[in-house]
$ cat my_file_30.tsv   # TSV, C-alpha atoms
chain	number	residue	atom	x	y	z
B	210	MET	CA	0.00	0.00	0.00
B	211	ASN	CA	1.41	3.40	-0.86
B	212	ASN	CA	1.81	6.45	1.34
B	213	ILE	CA	-1.00	8.48	-0.22
B	214	ALA	CA	-3.54	5.84	0.79
B	215	LYS	CA	-2.38	6.20	4.41
B	216	LYS	CA	-2.35	10.01	4.46
B	217	PRO	CA	-5.62	11.66	5.35
B	218	ILE	CA	-7.01	14.20	2.95
B	219	PRO	CA	-6.01	17.66	4.21
B	220	PRO	CA	-8.77	19.65	5.90
B	221	ALA	CA	-8.49	22.48	3.36
B	222	ILE	CA	-9.37	20.09	0.54
B	223	ARG	CA	-12.28	18.63	2.52
B	224	TRP	CA	-13.66	22.08	3.39
B	225	LEU	CA	-13.27	23.38	-0.15
B	226	GLY	CA	-14.86	20.20	-1.50
B	227	GLY	CA	-17.84	20.71	0.79
B	228	ALA	CA	-18.14	24.40	-0.08
B	229	THR	CA	-17.88	23.63	-3.79
B	230	ALA	CA	-20.56	20.96	-3.50
B	231	ALA	CA	-22.80	23.40	-1.63
B	232	VAL	CA	-22.40	26.04	-4.36
B	233	VAL	CA	-23.13	23.39	-7.02
B	234	LEU	CA	-26.38	22.59	-5.21
B	235	ILE	CA	-27.22	26.29	-5.00
B	236	GLN	CA	-26.53	26.70	-8.71
B	237	LEU	CA	-28.68	23.69	-9.54
B	238	GLY	CA	-31.48	25.23	-7.50
B	239	LEU	CA	-31.05	28.60	-9.21
B	240	ASN	CA	-31.11	26.88	-12.59
B	241	GLN	CA	-34.53	25.28	-12.03
B	242	PRO	CA	-36.60	28.44	-12.69
B	243	LEU	CA	-34.42	29.16	-15.74
B	244	GLN	CA	-35.53	26.00	-17.53
B	245	THR	CA	-38.10	27.04	-20.10
B	246	ASP	CA	-39.25	25.69	-23.45
B	247	VAL	CA	-36.70	27.95	-25.15
B	248	ALA	CA	-33.95	27.10	-22.62
B	249	PRO	CA	-34.47	23.45	-21.61
B	250	GLN	CA	-31.11	23.36	-19.76
B	251	GLY	CA	-31.53	26.79	-18.22
B	252	MET	CA	-28.25	28.71	-17.96
B	253	VAL	CA	-26.37	26.09	-20.01
B	254	SER	CA	-28.70	26.84	-22.92
B	255	PHE	CA	-27.81	30.53	-22.60
B	256	GLN	CA	-24.08	29.73	-22.36
B	257	LEU	CA	-24.19	27.72	-25.58
B	258	ALA	CA	-26.68	29.88	-27.52
B	259	THR	CA	-24.09	30.86	-30.22
B	260	THR	CA	-26.28	33.59	-31.78
B	261	GLY	CA	-27.78	36.80	-30.48
B	262	GLU	CA	-31.19	35.67	-31.76
B	263	LYS	CA	-31.16	32.51	-29.63
B	264	ALA	CA	-29.79	34.41	-26.63
B	265	THR	CA	-32.52	37.05	-27.01
B	266	ALA	CA	-35.22	34.37	-27.10
B	267	ILE	CA	-33.78	32.70	-23.99
B	268	SER	CA	-33.45	35.99	-22.13
B	269	ALA	CA	-37.02	36.95	-23.10
B	270	SER	CA	-38.31	33.60	-21.80
B	271	TRP	CA	-36.85	34.48	-18.39
B	272	GLY	CA	-38.54	37.89	-18.31
B	273	GLN	CA	-37.41	40.35	-15.65
B	274	SER	CA	-36.48	37.59	-13.22
B	275	LEU	CA	-33.52	37.95	-10.89
B	276	TRP	CA	-32.68	34.23	-11.24
B	277	PRO	CA	-30.31	34.64	-14.21
B	278	HIS	CA	-28.31	37.32	-12.39
B	279	ALA	CA	-28.19	35.24	-9.21
B	280	SER	CA	-27.05	32.19	-11.19
B	281	LEU	CA	-24.29	34.13	-12.93
B	282	TRP	CA	-23.04	35.83	-9.74
B	283	THR	CA	-22.84	32.53	-7.88
B	284	GLY	CA	-20.95	31.20	-10.90
B	285	PHE	CA	-18.08	33.52	-10.00
B	286	VAL	CA	-17.95	32.03	-6.51
B	287	PHE	CA	-18.13	28.54	-7.99
B	288	ALA	CA	-15.22	29.25	-10.36
B	289	ALA	CA	-13.02	30.46	-7.50
B	290	LEU	CA	-13.92	27.48	-5.33
B	291	TYR	CA	-13.47	24.71	-7.90
B	292	THR	CA	-10.25	26.20	-9.27
B	293	THR	CA	-8.73	26.41	-5.80
B	294	LEU	CA	-10.00	22.93	-4.92
B	295	LEU	CA	-8.55	21.37	-8.06
B	296	LEU	CA	-5.20	23.10	-7.59
B	297	LEU	CA	-4.96	21.88	-3.99
B	298	LEU	CA	-6.01	18.38	-5.05
B	299	THR	CA	-3.34	18.35	-7.75
B	300	ASN	CA	-0.70	19.41	-5.22
B	301	TYR	CA	-1.91	16.74	-2.81
B	302	LEU	CA	-1.72	14.01	-5.43
B	303	LEU	CA	1.82	15.11	-6.30
B	304	THR	CA	3.15	14.80	-2.76
B	305	ASP	CA	5.92	12.23	-2.53
B	306	ARG	CA	6.20	12.18	-6.34
B	307	PRO	CA	9.54	13.80	-7.15
B	308	GLY	CA	9.68	12.31	-10.65
B	309	ILE	CA	10.22	14.74	-13.50
B	310	ARG	CA	7.34	13.34	-15.55
B	311	GLU	CA	4.87	13.52	-12.66
B	312	GLN	CA	5.90	17.09	-11.81
B	313	GLU	CA	5.64	18.18	-15.45
B	314	ALA	CA	2.21	16.56	-15.73
B	315	GLY	CA	1.24	18.38	-12.54
B	316	ARG	CA	2.33	21.73	-13.98
B	317	TRP	CA	0.21	21.12	-17.09
B	318	VAL	CA	-2.77	20.05	-15.01
B	319	ARG	CA	-2.49	23.18	-12.85
B	320	ARG	CA	-2.29	25.37	-15.97
B	321	LEU	CA	-5.40	23.71	-17.38
B	322	PHE	CA	-7.33	24.29	-14.15
B	323	VAL	CA	-6.27	27.95	-14.03
B	324	LEU	CA	-7.26	28.32	-17.69
B	325	ALA	CA	-10.65	26.72	-16.93
B	326	GLY	CA	-11.23	29.05	-13.99
B	327	LEU	CA	-10.25	32.15	-15.96
B	328	ALA	CA	-12.38	31.12	-18.94
B	329	HIS	CA	-15.31	30.56	-16.56
B	330	VAL	CA	-14.94	34.00	-14.96
B	331	VAL	CA	-14.58	35.84	-18.28
B	332	GLU	CA	-17.46	33.83	-19.78
B	333	TYR	CA	-19.77	34.77	-16.90
B	334	ALA	CA	-18.75	38.43	-17.17
B	335	VAL	CA	-19.63	38.30	-20.88
B	336	LEU	CA	-22.92	36.56	-20.09
B	337	LEU	CA	-23.82	39.27	-17.56
B	338	ALA	CA	-23.10	41.93	-20.18
B	339	ASN	CA	-25.12	39.97	-22.73
B	340	LEU	CA	-28.12	39.26	-20.51
B	341	ASP	CA	-30.19	42.39	-21.09
B	342	THR	CA	-29.51	43.03	-24.78
B	343	PRO	CA	-27.86	39.97	-26.34
B	344	GLU	CA	-25.55	40.53	-29.29
B	345	ASP	CA	-24.10	38.04	-31.74
B	346	GLY	CA	-20.46	38.82	-30.88
B	347	LEU	CA	-20.91	38.54	-27.12
B	348	THR	CA	-23.03	35.41	-27.45
B	349	LEU	CA	-20.45	33.66	-29.62
B	350	THR	CA	-17.65	34.79	-27.30
B	351	ALA	CA	-19.50	33.33	-24.31
B	352	THR	CA	-20.04	30.06	-26.16
B	353	LEU	CA	-16.36	29.79	-27.11
B	354	LEU	CA	-15.30	30.59	-23.54
B	355	ALA	CA	-17.71	27.93	-22.22
B	356	LEU	CA	-16.21	25.38	-24.58
B	357	ALA	CA	-12.69	26.39	-23.54
B	358	ASN	CA	-13.71	26.06	-19.89
B	359	TYR	CA	-15.24	22.60	-20.35
B	360	THR	CA	-12.31	21.38	-22.47
B	361	ALA	CA	-9.67	22.61	-20.00
B	362	LEU	CA	-11.60	21.05	-17.09
B	363	LEU	CA	-11.92	17.68	-18.83
B	364	MET	CA	-8.27	17.66	-19.85
B	365	GLY	CA	-7.18	18.68	-16.36
B	366	LEU	CA	-9.32	16.02	-14.73
B	367	SER	CA	-7.90	13.46	-17.16
B	368	GLY	CA	-4.44	14.59	-16.09
B	369	LEU	CA	-5.41	14.06	-12.45
B	370	VAL	CA	-6.43	10.51	-13.30
B	371	VAL	CA	-3.03	9.96	-14.90
B	372	ILE	CA	-1.25	11.44	-11.87
B	373	ARG	CA	-3.32	9.27	-9.54
B	374	ALA	CA	-2.62	6.17	-11.61
B	375	ALA	CA	1.09	6.94	-11.35
B	376	ARG	CA	0.72	6.82	-7.56
B	377	ARG	CA	-0.39	3.20	-7.50
B	378	ARG	CA	3.14	1.99	-6.85
B	379	PRO	CA	5.06	3.46	-3.90
B	380	LEU	CA	8.45	5.00	-4.46
B	381	LYS	CA	9.86	3.13	-1.46
B	382	ALA	CA	8.70	-0.02	0.23
B	383	SER	CA	6.61	0.77	3.29
B	384	GLY	CA	7.66	-2.03	5.59
B	385	PRO	CA	9.81	-5.11	5.72
B	386	GLN	CA	10.13	-6.91	2.46
B	387	GLU	CA	10.27	-10.66	2.16
B	388	PRO	CA	13.03	-11.86	-0.11
B	389	SER	CA	11.70	-13.42	-3.24
B	390	SER	CA	12.95	-16.82	-4.07
B	391	GLN	CA	13.82	-17.02	-7.69
B	392	ASN	CA	15.68	-20.32	-7.68
B	393	GLY	CA	12.55	-22.33	-6.79
B	394	SER	CA	13.77	-23.59	-3.38

$ encode --input "my_file_30.tsv" --output "structure tokens"
Amino acid sequence: MNNIAKKPIPPAIRWLGGATAAVVLIQLGLNQPLQTDVAPQGMVSFQLATTGEKATAISASWGQSLWPHASLWTGFVFAALYTTLLLLLTNYLLTDRPGIREQEAGRWVRRLFVLAGLAHVVEYAVLLANLDTPEDGLTLTATLLALANYTALLMGLSGLVVIRAARRRPLKASGPQEPSSQNGS
């Protein structure tokens, strides 16, 4: 068994994980009133609208509701939380892994998570600006930023899986080793 399996998850990661999960639940709740015939996935439909015409129809289906604004503002909090959580988790999974390949993979994973967080924040700022009077340029920009965010997150999470898989074998034996008999005696 390797050392990471024996080490408890640091409290900061547990607290951030709980806070991130709480904000996800809040966002899911805020998204419920945003699901209309025009926007069946609520805010996700608005994020991926691609044209000002679609964005205008979605925004009109929400009326003068405060739900879209609340959803977008909590999205900023969510971006900060999940980015910090994923960076801490990456650092945690890299403890006791001094290998050059693991450290390089960790740097790339961290960069992807920072890119995802920044894309999320800029996307939500664009969506806020686009909410009242949607325009084609802003709508397409928001869609491209959403795709960049999702792609960077998926690639970063894939990198975490690779880093975790690399941790399956300990660097040093953690206890007395029995000599292996190779001469069949």

$ residues_around --input "my_file_30.tsv" --residues "region 336-351 of chain B" --least-positions-apart "3" --cutoff "7 Å" --atoms "all atoms listed in the file" --output "PyMOL selection string"
chain B and resi 256+258-261+264-265+268+281+332-333+354-355

$ write_last_selection --input "my_file_30.tsv" --atoms "C-alpha atoms" --output "CSV table (one decimal), in the coordinates of the input"
chain,number,residue,atom,x,y,z
B,256,GLN,CA,-24.1,29.7,-22.4
B,258,ALA,CA,-26.7,29.9,-27.5
B,259,THR,CA,-24.1,30.9,-30.2
B,260,THR,CA,-26.3,33.6,-31.8
B,261,GLY,CA,-27.8,36.8,-30.5
B,264,ALA,CA,-29.8,34.4,-26.6
B,265,THR,CA,-32.5,37.0,-27.0
B,268,SER,CA,-33.4,36.0,-22.1
B,281,LEU,CA,-24.3,34.1,-12.9
B,332,GLU,CA,-17.5,33.8,-19.8
B,333,TYR,CA,-19.8,34.8,-16.9
B,354,LEU,CA,-15.3,30.6,-23.5
B,355,ALA,CA,-17.7,27.9,-22.2

$ closest_residue --input "my_file_30.tsv" --among "B:Thr229, B:Thr245, B:Asn358, B:Ser367" --to "Tyr291 (chain B)" --atoms "all atoms listed in the file"
B:Thr229

$ closest_residue --input "my_file_30.tsv" --among "B:Ala288, B:Leu239, B:Ala328, B:Tyr301" --to "Ala221 (chain B)" --atoms "only C-alpha atoms"
B:Tyr301

$ closest_residue --input "my_file_30.tsv" --among "B:Gln273, B:Asn300, B:Gln250, B:Thr293" --to "Gly226 (chain B)" --atoms "all atoms listed in the file"
B:Thr293

$ residues_around --input "my_file_30.tsv" --residues "region 252-254 of chain B" --least-positions-apart "3" --cutoff "9 Å" --atoms "only C-alpha atoms" --output "list in words"
Asn240, Leu243, Gln244, Val247, Ala248, Pro249, Leu257, Ala258, Ala264, Ile267, Pro277, Ser280 and Leu281 of chain B

$ residues_near_point --input "my_file_30.tsv" --point "(-2.2, 21.5, -2.3)" --cutoff "12 Å" --atoms "only C-alpha atoms" --output "compact mmCIF listing (two decimals) with C-alpha atoms, in the frame of the given file"
# COMPACT_ATOMS: atom_id res chain seq x y z
CA ILE B 218 -7.01 14.20 2.95
CA PRO B 219 -6.01 17.66 4.21
CA PRO B 220 -8.77 19.65 5.90
CA ALA B 221 -8.49 22.48 3.36
CA ILE B 222 -9.37 20.09 0.54
CA ARG B 223 -12.28 18.63 2.52
CA LEU B 225 -13.27 23.38 -0.15
CA THR B 292 -10.25 26.20 -9.27
CA THR B 293 -8.73 26.41 -5.80
CA LEU B 294 -10.00 22.93 -4.92
CA LEU B 295 -8.55 21.37 -8.06
CA LEU B 296 -5.20 23.10 -7.59
CA LEU B 297 -4.96 21.88 -3.99
CA LEU B 298 -6.01 18.38 -5.05
CA THR B 299 -3.34 18.35 -7.75
CA ASN B 300 -0.70 19.41 -5.22
CA TYR B 301 -1.91 16.74 -2.81
CA LEU B 302 -1.72 14.01 -5.43
CA LEU B 303 1.82 15.11 -6.30
CA THR B 304 3.15 14.80 -2.76
CA GLY B 315 1.24 18.38 -12.54
CA ARG B 319 -2.49 23.18 -12.85

$ atom_distance --input "my_file_30.tsv" --atom1 "CA of Pro242 (chain B)" --atom2 "CA of Gly326 (chain B)"
25.4 Å

$ residues_around --input "my_file_30.tsv" --residues "Thr360 (chain B)" --least-positions-apart "5" --cutoff "10 Å" --atoms "all atoms listed in the file" --output "number ranges by chain"
B: 321, 324-325, 354-355, 365-366

$ closest_residue --input "my_file_30.tsv" --among "B:Arg373, B:Ile309, B:Asp246, B:Leu237" --to "Ala266 (chain B)" --atoms "only C-alpha atoms"
B:Asp246

$ closest_residue --input "my_file_30.tsv" --among "B:Leu327, B:Ile372, B:Ala269, B:Val232" --to "Leu290 (chain B)" --atoms "all atoms listed in the file"
B:Val232

$ closest_residue --input "my_file_30.tsv" --among "B:Ala289, B:Val371, B:Ile235, B:Ala230" --to "Gln312 (chain B)" --atoms "only C-alpha atoms"
B:Val371

$ atom_distance --input "my_file_30.tsv" --atom1 "CA of Ala334 (chain B)" --atom2 "CA of Gly284 (chain B)"
9.8 Å

$ atom_distance --input "my_file_30.tsv" --atom1 "CA of Gly368 (chain B)" --atom2 "CA of Trp317 (chain B)"
8.1 Å

$ axis_aligned_box --input "my_file_30.tsv" --around "region 247-261 of chain B" --padding-each-side "3 Å" --output "lines of an AutoDock Vina configuration file"
center_x = -30.4
center_y = 30.1
center_z = -24.9
size_x = 18.6
size_y = 19.4
size_z = 19.8
